Each structure stands twice: as structure tokens, then as C-alpha cells.
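Source file: my_file15.txt (compact mmCIF, C-alpha atoms and all ligand atoms)
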```
# COMPACT_ATOMS: atom_id res chain seq x y z
CA MET A 184 16.14 -2.51 5.17
CA LEU A 185 13.50 -0.45 6.93
CA GLU A 186 13.60 -0.15 10.70
CA LEU A 187 10.79 1.36 12.73
CA LYS A 188 11.89 1.96 16.31
CA ASN A 189 9.39 2.64 19.09
CA LEU A 190 7.19 4.62 16.76
CA VAL A 191 4.41 6.65 18.40
CA PHE A 192 1.81 8.78 16.63
CA GLU A 193 -0.66 10.76 18.70
CA VAL A 194 -3.38 13.15 17.64
CA PRO A 195 -5.19 15.75 19.78
CA VAL A 196 -8.58 14.63 21.02
CA GLU A 197 -11.27 16.88 19.64
CA GLY A 198 -12.57 19.17 22.41
CA GLY A 199 -9.89 18.00 24.83
CA VAL A 200 -7.43 20.57 26.21
CA SER A 201 -4.20 18.59 26.18
CA GLU A 202 -5.64 15.11 25.73
CA THR A 203 -4.27 12.97 22.93
CA LYS A 204 -5.26 9.74 21.23
CA ARG A 205 -2.53 7.23 20.39
CA ILE A 206 -2.93 5.90 16.85
CA ILE A 207 0.45 4.14 16.65
CA ASP A 208 1.58 2.83 19.99
CA ASP A 209 5.30 2.21 20.54
CA LEU A 210 5.61 0.13 17.39
CA SER A 211 8.90 -1.48 16.37
CA LEU A 212 9.25 -3.41 13.13
CA THR A 213 12.04 -4.38 10.74
CA ILE A 214 11.42 -5.09 7.07
CA GLU A 215 14.39 -6.77 5.42
CA ASP A 216 15.34 -6.18 1.79
CA GLY A 217 13.67 -8.41 -0.76
CA ARG A 218 10.77 -9.36 1.50
CA PHE A 219 7.09 -9.31 0.58
CA THR A 220 5.26 -8.13 3.67
CA VAL A 221 1.50 -7.85 4.08
CA ILE A 222 0.15 -5.66 6.86
CA THR A 223 -3.36 -6.64 7.81
CA GLY A 224 -5.74 -6.31 10.73
CA PRO A 225 -9.09 -4.77 11.60
CA ASN A 226 -10.34 -1.42 10.33
CA GLY A 227 -8.90 1.48 12.28
CA GLY A 228 -5.92 -0.57 13.49
CA GLY A 229 -3.46 2.02 12.20
CA LYS A 230 -2.28 0.42 8.92
CA SER A 231 -2.67 3.48 6.67
CA THR A 232 -1.27 5.74 9.39
CA LEU A 233 1.80 3.53 9.62
CA ALA A 234 2.28 3.71 5.84
CA LYS A 235 1.92 7.51 5.96
CA LEU A 236 4.54 7.72 8.71
CA ILE A 237 6.94 5.63 6.61
CA MET A 238 6.31 7.87 3.60
CA GLY A 239 6.58 11.12 5.60
CA ILE A 240 3.00 12.21 5.04
CA GLU A 241 2.58 12.18 8.83
CA GLN A 242 5.29 12.94 11.39
CA PRO A 243 5.69 10.62 14.39
CA THR A 244 5.26 12.01 17.91
CA SER A 245 8.33 10.01 18.93
CA GLY A 246 10.44 7.11 17.76
CA SER A 247 12.53 6.81 14.64
CA ILE A 248 12.48 5.50 11.09
CA VAL A 249 15.71 4.25 9.53
CA PHE A 250 15.94 3.27 5.85
CA ASN A 251 19.08 1.48 4.68
CA GLY A 252 21.01 2.83 7.65
CA GLN A 253 19.87 6.44 7.17
CA ASP A 254 17.65 8.13 9.75
CA ILE A 255 14.69 9.44 7.72
CA THR A 256 12.41 10.26 10.66
CA HIS A 257 12.34 13.93 9.69
CA ALA A 258 13.07 13.61 5.98
CA SER A 259 10.56 15.09 3.55
CA ILE A 260 8.31 13.00 1.29
CA THR A 261 10.47 13.97 -1.69
CA GLU A 262 13.68 12.92 0.07
CA ARG A 263 12.14 9.57 0.96
CA ALA A 264 10.92 9.11 -2.61
CA LYS A 265 14.45 9.85 -3.86
CA LEU A 266 15.83 7.24 -1.47
CA GLY A 267 13.51 4.72 -3.09
CA ILE A 268 10.31 4.54 -1.04
CA GLY A 269 7.12 4.59 -3.10
CA TYR A 270 3.57 4.77 -1.78
CA GLY A 271 0.33 3.89 -3.53
CA PHE A 272 -2.52 5.68 -1.80
CA GLN A 273 -5.72 3.99 -0.66
CA GLN A 274 -7.52 6.79 -2.53
CA PRO A 275 -5.18 8.09 -5.21
CA ALA A 276 -5.16 11.70 -6.38
CA ARG A 277 -6.29 12.79 -9.83
CA PHE A 278 -4.21 15.09 -12.00
CA LYS A 279 -6.31 17.28 -14.25
CA GLY A 280 -4.57 18.04 -17.52
CA MET A 281 -2.10 15.16 -17.13
CA LYS A 282 -2.31 12.26 -19.57
CA VAL A 283 -1.75 8.70 -18.38
CA LYS A 284 1.39 8.33 -20.54
CA LYS A 285 2.92 11.48 -19.04
CA LEU A 286 2.15 10.27 -15.52
CA LEU A 287 3.86 6.94 -16.23
CA GLU A 288 6.89 8.79 -17.62
CA LEU A 289 7.08 11.09 -14.59
CA ALA A 290 7.01 8.03 -12.35
CA ALA A 291 9.71 6.27 -14.37
CA GLY A 292 11.80 9.47 -14.54
CA LYS A 293 12.31 9.08 -18.30
CA ARG A 294 10.47 8.92 -21.60
CA LEU A 295 8.84 5.57 -22.13
CA PRO A 296 8.19 3.76 -25.39
CA ALA A 297 4.50 2.99 -25.93
CA LEU A 298 5.26 -0.72 -25.67
CA GLU A 299 6.58 -0.33 -22.13
CA CYS A 300 3.54 1.77 -21.14
CA ASN A 301 1.33 -0.97 -22.59
CA GLU A 302 3.04 -3.52 -20.37
CA TYR A 303 2.52 -1.50 -17.18
CA LEU A 304 -1.13 -0.91 -17.99
CA ALA A 305 -1.71 -4.53 -19.00
CA LYS A 306 -0.29 -5.62 -15.64
CA VAL A 307 -3.10 -3.79 -13.91
CA GLY A 308 -5.72 -4.97 -16.38
CA LEU A 309 -6.06 -1.80 -18.45
CA CYS A 310 -6.10 -1.64 -22.23
CA SER A 311 -3.38 0.78 -23.29
CA ALA A 312 -5.17 1.91 -26.45
CA ALA A 313 -8.13 3.07 -24.39
CA TYR A 314 -6.21 4.73 -21.56
CA LEU A 315 -2.79 6.01 -22.60
CA THR A 316 -4.10 9.32 -23.91
CA ARG A 317 -6.79 9.76 -21.26
CA GLU A 318 -6.43 12.50 -18.68
CA VAL A 319 -6.08 11.39 -15.06
CA ASP A 320 -9.07 13.51 -14.07
CA LYS A 321 -12.60 13.04 -12.79
CA SER A 322 -13.63 11.28 -16.02
CA LEU A 323 -11.84 8.16 -14.78
CA SER A 324 -13.63 5.88 -12.34
CA GLY A 325 -12.18 5.25 -8.86
CA GLY A 326 -11.05 1.76 -9.88
CA GLU A 327 -9.38 3.07 -13.03
CA VAL A 328 -7.45 5.75 -11.11
CA LYS A 329 -6.42 3.14 -8.59
CA ARG A 330 -5.10 0.84 -11.29
CA ILE A 331 -3.30 3.70 -13.05
CA GLU A 332 -1.60 4.58 -9.79
CA ILE A 333 -0.45 0.98 -9.36
CA ALA A 334 0.88 1.09 -12.94
CA THR A 335 2.89 4.23 -12.05
CA MET A 336 4.37 2.36 -9.09
CA LEU A 337 5.39 -0.44 -11.45
CA ALA A 338 6.99 2.15 -13.76
CA ARG A 339 8.81 3.80 -10.83
CA ASP A 340 9.99 0.44 -9.47
CA PRO A 341 11.05 1.78 -6.06
CA LYS A 342 13.33 -0.10 -3.66
CA MET A 343 10.42 -0.33 -1.28
CA ALA A 344 6.90 -0.17 -2.71
CA ILE A 345 4.06 0.35 -0.25
CA TYR A 346 0.56 -0.29 -1.54
CA ASP A 347 -2.42 0.69 0.59
CA GLU A 348 -5.31 -1.69 -0.14
CA PRO A 349 -4.57 -2.11 -3.86
CA GLU A 350 -7.71 -4.25 -4.13
CA ALA A 351 -10.10 -1.50 -3.02
CA GLY A 352 -12.61 -0.56 -5.71
CA ILE A 353 -11.11 -2.91 -8.27
CA ASP A 354 -13.33 -5.25 -10.25
CA LEU A 355 -12.93 -9.00 -9.97
CA TRP A 356 -11.27 -9.55 -13.34
CA SER A 357 -8.68 -6.86 -12.67
CA PHE A 358 -8.19 -8.15 -9.15
CA ASP A 359 -7.19 -11.50 -10.68
CA ARG A 360 -4.75 -9.73 -12.99
CA LEU A 361 -3.41 -7.66 -10.12
CA THR A 362 -2.85 -10.72 -7.96
CA GLU A 363 -0.86 -12.26 -10.83
CA THR A 364 1.17 -9.06 -11.11
CA PHE A 365 2.03 -9.10 -7.42
CA ARG A 366 2.90 -12.79 -7.70
CA ASP A 367 5.23 -12.02 -10.65
CA ILE A 368 6.92 -9.19 -8.74
CA HIS A 369 7.27 -11.52 -5.80
CA GLU A 370 8.92 -14.21 -7.90
CA THR A 371 11.24 -11.94 -9.88
CA ARG A 372 12.18 -9.40 -7.25
CA ASP A 373 15.82 -8.94 -6.29
CA ASP A 374 16.46 -6.91 -3.17
CA ARG A 375 13.36 -4.79 -3.69
CA SER A 376 10.75 -5.09 -1.00
CA ILE A 377 6.98 -4.84 -1.23
CA VAL A 378 4.68 -3.88 1.60
CA ILE A 379 0.98 -4.31 0.94
CA ILE A 380 -1.78 -3.27 3.29
CA SER A 381 -4.60 -5.67 2.56
CA HIS A 382 -7.57 -7.58 3.89
CA GLN A 383 -7.62 -9.95 0.92
CA GLU A 384 -6.70 -13.57 1.53
CA ARG A 385 -5.30 -13.99 -1.97
CA ILE A 386 -2.88 -11.12 -1.45
CA ILE A 387 -2.03 -12.19 2.10
CA GLN A 388 -1.22 -15.66 0.72
CA LEU A 389 1.57 -14.15 -1.41
CA ALA A 390 3.42 -12.72 1.58
CA ASP A 391 6.73 -13.84 3.01
CA ASP A 392 5.82 -12.13 6.25
CA ILE A 393 2.50 -11.08 7.73
CA VAL A 394 2.05 -8.30 10.28
CA CYS A 395 -1.27 -7.98 12.12
CA LEU A 396 -1.92 -4.51 13.42
CA ARG A 397 -4.57 -3.74 16.01
CA ASP A 398 -5.04 -0.59 18.06
CA GLY A 399 -1.75 0.76 16.73
CA ARG A 400 0.22 -2.22 18.01
CA ILE A 401 1.60 -5.32 16.39
CA GLN A 402 -0.69 -8.07 17.57
CA ASP A 403 1.05 -10.80 15.65
CA MET A 404 3.91 -10.98 13.20
CA GLY A 405 5.90 -13.69 11.49
CA PRO A 406 6.35 -15.81 8.38
CA ARG A 407 3.22 -16.56 6.34
CA GLU A 408 3.19 -20.25 7.27
CA GLU A 409 2.98 -19.31 10.94
CA ILE A 410 0.51 -16.40 10.80
CA LEU A 411 -1.87 -17.37 7.97
CA PRO A 412 -3.48 -20.30 9.80
CA LYS A 413 -4.23 -17.96 12.71
CA LEU A 414 -6.21 -15.60 10.47
CA GLY A 415 -9.03 -18.11 10.20
CA PHE A 416 -9.84 -17.53 6.54
CA THR A 417 -11.02 -21.07 6.00
CA ASP A 418 -13.03 -21.79 9.09
CA ARG A 419 -13.86 -18.14 9.85
CA GLY A 420 -12.95 -19.00 13.41
CA PHE A 421 -10.95 -15.79 13.71
CA HIS A 422 -8.43 -17.10 16.15
CA GLY A 423 -5.45 -14.85 16.77
CA CYS A 424 -5.55 -11.63 14.78
CA GLN A 425 -9.20 -11.05 14.12
CA LEU A 426 -9.99 -9.38 10.83
CA THR A 427 -13.07 -7.59 9.68
CA GLN A 428 -14.78 -8.78 6.55
CA PRO A 429 -12.53 -8.40 3.51
CA THR A 430 -12.92 -5.21 1.54
CA GLU A 431 -15.80 -5.58 -0.89
CA LEU A 432 -14.75 -5.86 -4.51
CA HIS A 433 -16.81 -3.56 -6.66
CA LEU A 434 -17.74 -4.50 -10.20
CA THR A 435 -17.06 -1.69 -12.62
CA GLU A 436 -18.05 -1.53 -16.25
CA ILE A 437 -14.63 -1.45 -17.82
CA SER A 438 -14.05 -3.30 -21.05
CA THR A 439 -11.44 -5.91 -20.23
CA ASN A 440 -11.17 -7.73 -23.56
CA CYS A 441 -8.27 -5.60 -24.73
N1 LIG B 501 -5.06 12.70 11.90
C1 LIG B 501 -5.93 11.96 12.60
N2 LIG B 501 -6.74 12.53 13.53
C2 LIG B 501 -7.61 11.77 14.24
N3 LIG B 501 -7.73 10.43 14.12
C3 LIG B 501 -6.95 9.82 13.21
C4 LIG B 501 -6.00 10.55 12.41
N4 LIG B 501 -5.36 9.67 11.61
C5 LIG B 501 -5.89 8.45 11.89
N5 LIG B 501 -6.85 8.55 12.83
C6 LIG B 501 -7.62 7.44 13.43
O1 LIG B 501 -6.68 6.43 13.70
C7 LIG B 501 -7.24 5.14 13.49
C8 LIG B 501 -6.38 4.37 12.52
O2 LIG B 501 -6.63 4.84 11.20
P1 LIG B 501 -5.99 4.15 9.92
O3 LIG B 501 -6.57 4.81 8.72
O4 LIG B 501 -4.53 4.13 10.05
O5 LIG B 501 -6.56 2.67 10.08
P2 LIG B 501 -6.48 1.43 9.09
O6 LIG B 501 -5.96 0.29 9.88
O7 LIG B 501 -5.74 1.80 7.85
O8 LIG B 501 -8.01 1.20 8.77
P3 LIG B 501 -8.76 0.61 7.44
O9 LIG B 501 -8.54 -0.86 7.46
O10 LIG B 501 -10.19 0.97 7.72
O11 LIG B 501 -8.21 1.32 6.23
C9 LIG B 501 -8.66 5.37 13.03
O12 LIG B 501 -9.50 5.27 14.14
C10 LIG B 501 -8.62 6.80 12.49
O13 LIG B 501 -9.86 7.42 12.58
```
Step by step, read the file and then write its structure as C-alpha cells.
Amino acid sequence: MLELKNLVFEVPVEGGVSETKRIIDDLSLTIEDGRFTVITGPNGGGKSTLAKLIMGIEQPTSGSIVFNGQDITHASITERAKLGIGYGFQQPARFKGMKVKKLLELAAGKRLPALECNEYLAKVGLCSAAYLTREVDKSLSGGEVKRIEIATMLARDPKMAIYDEPEAGIDLWSFDRLTETFRDIHETRDDRSIVIISHQERIIQLADDIVCLRDGRIQDMGPREEILPKLGFTDRGFHGCQLTQPTELHLTEISTNC
């Protein structure tokens, strides 16, 4: 279980002497084990910042973060990763000189048979034969790197997997595949929890719980059945938690007939 208690994150205002801007504003949230939670809300609402605070990439100004009873507010990224929190970046890093297979093995913490690598890559819509020996460098497109990072998360299988806009930059065919993958994880998960930051209706529809974040505060939160109708996807009425337009899906020229 992850507990965020009165979390505040402030940054200095540029040019101001002691002025600060509050990005996360006294936010408290509990994510139970085995839940599929989608965090959504308008651009700039603080979703990525919240994920970075959970992962330890940013340090909160005040408040605390407790994971499975342990206070991890000041724990390092590595310590949090060891405790079982995994984070898929909105814009993943590239690793020059590192082959895709090696990256998957590092994530899994063991050597992986090719068959298992194939499965992880297939789940994100990538053909193993074409990618396993590729380097995770600039030669890969943004969408390919994104999908490889999601595959590494699948290989790592953390207790709590946090994905920041997994749909961003991913072509429509792979988005379909990815949605299926998240649905499968959702159906077969045990006590592992998934947190996805997303603007996509089809991902939001998979959630057990939906959290709407605006101006660093929880504007609305609850089970999918209660929150989804308020999002106004069908009538675009935008009652309740108003969203911006969903992230555009970019078409990339990746061969998908593997
Ligand atoms: N270190 C920082 N210094 C200054 N401003 C910051 C910093 N980190 C975040 N912000 C600002 O805080 C706000 C929230 O950013 P964040 O990336 O968390 O939003 P988001 O909800 O993930 O948005 P999006 O949907 O566009 O990805 C934005 O206005 C951003 O510019």
C-alpha cells in the first residue's frame, strides 16, 4: 500500500527572492495493493511531478510517503526501486551501447531466454527479431524507445508500476496492443498495483480507481463507475474534472506484421 500524506512540493519562482510556486498542494492519497489506478486531469495539474515524488526523483517540501508501512520520504531512487516501485518515464532515456536484450535482462535482474524477451516485446507491439539486438540509442524512434521502456517494466514486474502517459508517441496499432497488455495485467494481477498517468479514455476505462488532479490538488477521486461519467468523454460536456484534449497519437512507420 502506498500512502501519500499532506504532500507539498514547491519550487522557487524565477526572479522572486523568497517566493515559491506550489506544484503539489497538501495532497493525501492512498493506493491499496492490487489496484489499477489512473491519474488524469488537465496539463500542468501536477501528475508527472507526483509520480516523480513517489519515485524519489523530486523531494517533497513537506509531507510524507509511506510504502508498505515504511517511510520512504527521504529514500533514494535505488532504495525505492529495490522496495518494488517502478517508474516508466513520459520521455524515456536512451542508453548508447546497450542492446535491447541486455536492458530487458537488467530490468528483470537475471538472464532471460529469447522466448521470454519475445513475449515482453510482443506485448508492446514490437517484433523481437527486429529489435532484440538493436541498441537503445538515437537510432530508435521516440515511440520505439517508449515501448521498449514499457517492455522493461513488464520484465521487472515491480510491486507498484507507475507509467507516465504510456500512450504518448505510440502509433495506433501499438496503442491497441498496449491497451490489451494493460487489460491482461489488470485481469491477472495479484497484489501488484498499477498507476497510470493518462488522458486516454481507453486506458482510463481499465481503472479500478480514477484520480483527477488539478492545480496540484485532488479534484475528484473514486471508483471508475463513479468518476468516469463525470469526465464527459461521450458528450464532451466536461462536467466535473475537466480534461484537455487527449494526447495525440502519432503514427510511426514501424513494421507491425511481425
Ligand atoms: N522543477 C520545476 N520548476 C518549475 N516548475 C515546475 C517544476 N516541476 C514542475 N513544474 C510545473 O508544475 C506544473 C505541473 O507539471 P507536471 O509536469 O507535473 O504536470 P502534468 O499534470 O504531468 O502535465 P501534462 O499533462 O502536461 O504532462 C507545470 O506547470 C510545470 O511547469
For a quick check of your reading of the model, name the residues lying within 9 Å of the coordinate (6.6, 11.1, 8.1), counting all atoms listed in the file, and write them as number ranges by chain. A: 234-243, 248, 255-260
Please list as an NGL selection string every residue within 8 Å of stretch 398-412 of chain A, counting all atoms listed in the file and excluding residues in the same chain fewer than 5 positions away. :A and (205-210 or 227-230 or 387-388 or 390-393 or 423-424)
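Compared by their closest atoms to ligand LIG 501 (chain B), and using only C-alpha atoms and all ligand atoms, the residues A:Glu197, A:Glu202, A:Glu332, A:Glu288 rank with A:Glu197 nearest.
Candidate residues A:Leu304, A:Ala344, A:Cys395, A:Leu187 were compared for distance to A:Tyr270, and the nearest is A:Ala344, using all atoms listed in the file.
Shortest atom-to-atom contact with A:Arg372 among A:Leu289, A:Ala276, A:Met343, A:Leu396: A:Met343, counting all atoms listed in the file.
From atom CA of A:Val194 back to atom N4 of ligand LIG 501 (chain B), the distance works out to 7.2 Å.
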If you count all atoms listed in the file, which residues fall within 9 Å of A:Thr364, apart from same-chain ones fewer than 5 positions away, as a ChimeraX atom specification? /A:306-307,359,369
Would you mind exporting stretch 375-406 of chain A with N, CA and C atoms, as a short mmCIF file (atom, residue, chain, number, x, y, z; two decimals), in the first residue's frame?
```
data_model
loop_
_atom_site.label_atom_id
_atom_site.label_comp_id
_atom_site.auth_asym_id
_atom_site.auth_seq_id
_atom_site.Cartn_x
_atom_site.Cartn_y
_atom_site.Cartn_z
N ARG A 375 -0.10 -6.86 -6.94
CA ARG A 375 0.67 -5.79 -7.58
C ARG A 375 -0.26 -4.67 -8.00
N SER A 376 0.22 -3.44 -7.84
CA SER A 376 -0.64 -2.33 -8.25
C SER A 376 -0.04 -1.58 -9.44
N ILE A 377 -0.92 -1.02 -10.23
CA ILE A 377 -0.51 -0.25 -11.41
C ILE A 377 -1.07 1.16 -11.27
N VAL A 378 -0.21 2.13 -11.52
CA VAL A 378 -0.66 3.52 -11.54
C VAL A 378 -0.30 4.05 -12.93
N ILE A 379 -1.31 4.50 -13.66
CA ILE A 379 -1.03 5.04 -15.00
C ILE A 379 -1.50 6.48 -15.06
N ILE A 380 -0.59 7.34 -15.50
CA ILE A 380 -0.96 8.73 -15.76
C ILE A 380 -1.41 8.77 -17.21
N SER A 381 -2.62 9.16 -17.45
CA SER A 381 -3.11 9.09 -18.83
C SER A 381 -4.26 10.06 -19.09
N HIS A 382 -4.37 10.45 -20.36
CA HIS A 382 -5.50 11.25 -20.80
C HIS A 382 -6.42 10.42 -21.69
N GLN A 383 -6.04 9.16 -21.90
CA GLN A 383 -6.75 8.33 -22.88
C GLN A 383 -7.93 7.59 -22.27
N GLU A 384 -9.09 7.80 -22.86
CA GLU A 384 -10.32 7.18 -22.35
C GLU A 384 -10.18 5.66 -22.23
N ARG A 385 -9.54 5.05 -23.26
CA ARG A 385 -9.48 3.58 -23.24
C ARG A 385 -8.61 3.05 -22.11
N ILE A 386 -7.64 3.84 -21.69
CA ILE A 386 -6.83 3.43 -20.53
C ILE A 386 -7.60 3.75 -19.25
N ILE A 387 -8.23 4.91 -19.23
CA ILE A 387 -8.98 5.31 -18.02
C ILE A 387 -10.09 4.29 -17.74
N GLN A 388 -10.66 3.74 -18.83
CA GLN A 388 -11.75 2.76 -18.67
C GLN A 388 -11.31 1.47 -17.99
N LEU A 389 -9.98 1.22 -17.99
CA LEU A 389 -9.48 -0.02 -17.36
C LEU A 389 -9.34 0.11 -15.85
N ALA A 390 -9.39 1.35 -15.36
CA ALA A 390 -9.04 1.60 -13.96
C ALA A 390 -10.05 1.05 -12.96
N ASP A 391 -9.52 0.67 -11.79
CA ASP A 391 -10.41 0.43 -10.64
C ASP A 391 -10.77 1.78 -10.04
N ASP A 392 -9.73 2.61 -9.93
CA ASP A 392 -9.92 3.93 -9.30
C ASP A 392 -9.37 5.02 -10.21
N ILE A 393 -10.03 6.15 -10.21
CA ILE A 393 -9.59 7.29 -11.01
C ILE A 393 -9.33 8.47 -10.08
N VAL A 394 -8.19 9.13 -10.29
CA VAL A 394 -7.84 10.32 -9.51
C VAL A 394 -7.70 11.47 -10.50
N CYS A 395 -8.44 12.54 -10.27
CA CYS A 395 -8.32 13.73 -11.13
C CYS A 395 -7.51 14.78 -10.39
N LEU A 396 -6.42 15.16 -11.01
CA LEU A 396 -5.52 16.13 -10.39
C LEU A 396 -5.60 17.46 -11.13
N ARG A 397 -5.76 18.52 -10.37
CA ARG A 397 -5.78 19.85 -10.98
C ARG A 397 -5.11 20.82 -10.01
N ASP A 398 -4.24 21.64 -10.55
CA ASP A 398 -3.52 22.63 -9.72
C ASP A 398 -2.89 21.99 -8.48
N GLY A 399 -2.37 20.78 -8.67
CA GLY A 399 -1.65 20.11 -7.58
C GLY A 399 -2.53 19.54 -6.49
N ARG A 400 -3.85 19.58 -6.73
CA ARG A 400 -4.78 19.05 -5.72
C ARG A 400 -5.66 17.97 -6.34
N ILE A 401 -6.15 17.10 -5.49
CA ILE A 401 -7.10 16.09 -5.99
C ILE A 401 -8.44 16.77 -6.13
N GLN A 402 -8.90 16.85 -7.40
CA GLN A 402 -10.19 17.50 -7.62
C GLN A 402 -11.32 16.50 -7.44
N ASP A 403 -11.04 15.27 -7.82
CA ASP A 403 -12.04 14.22 -7.71
C ASP A 403 -11.32 12.88 -7.64
N MET A 404 -11.91 11.94 -6.95
CA MET A 404 -11.25 10.65 -6.78
C MET A 404 -12.30 9.63 -6.39
N GLY A 405 -12.17 8.42 -6.93
CA GLY A 405 -13.13 7.39 -6.54
C GLY A 405 -13.10 6.24 -7.51
N PRO A 406 -14.01 5.26 -7.33
CA PRO A 406 -14.07 4.14 -8.25
C PRO A 406 -14.47 4.59 -9.66
#
```
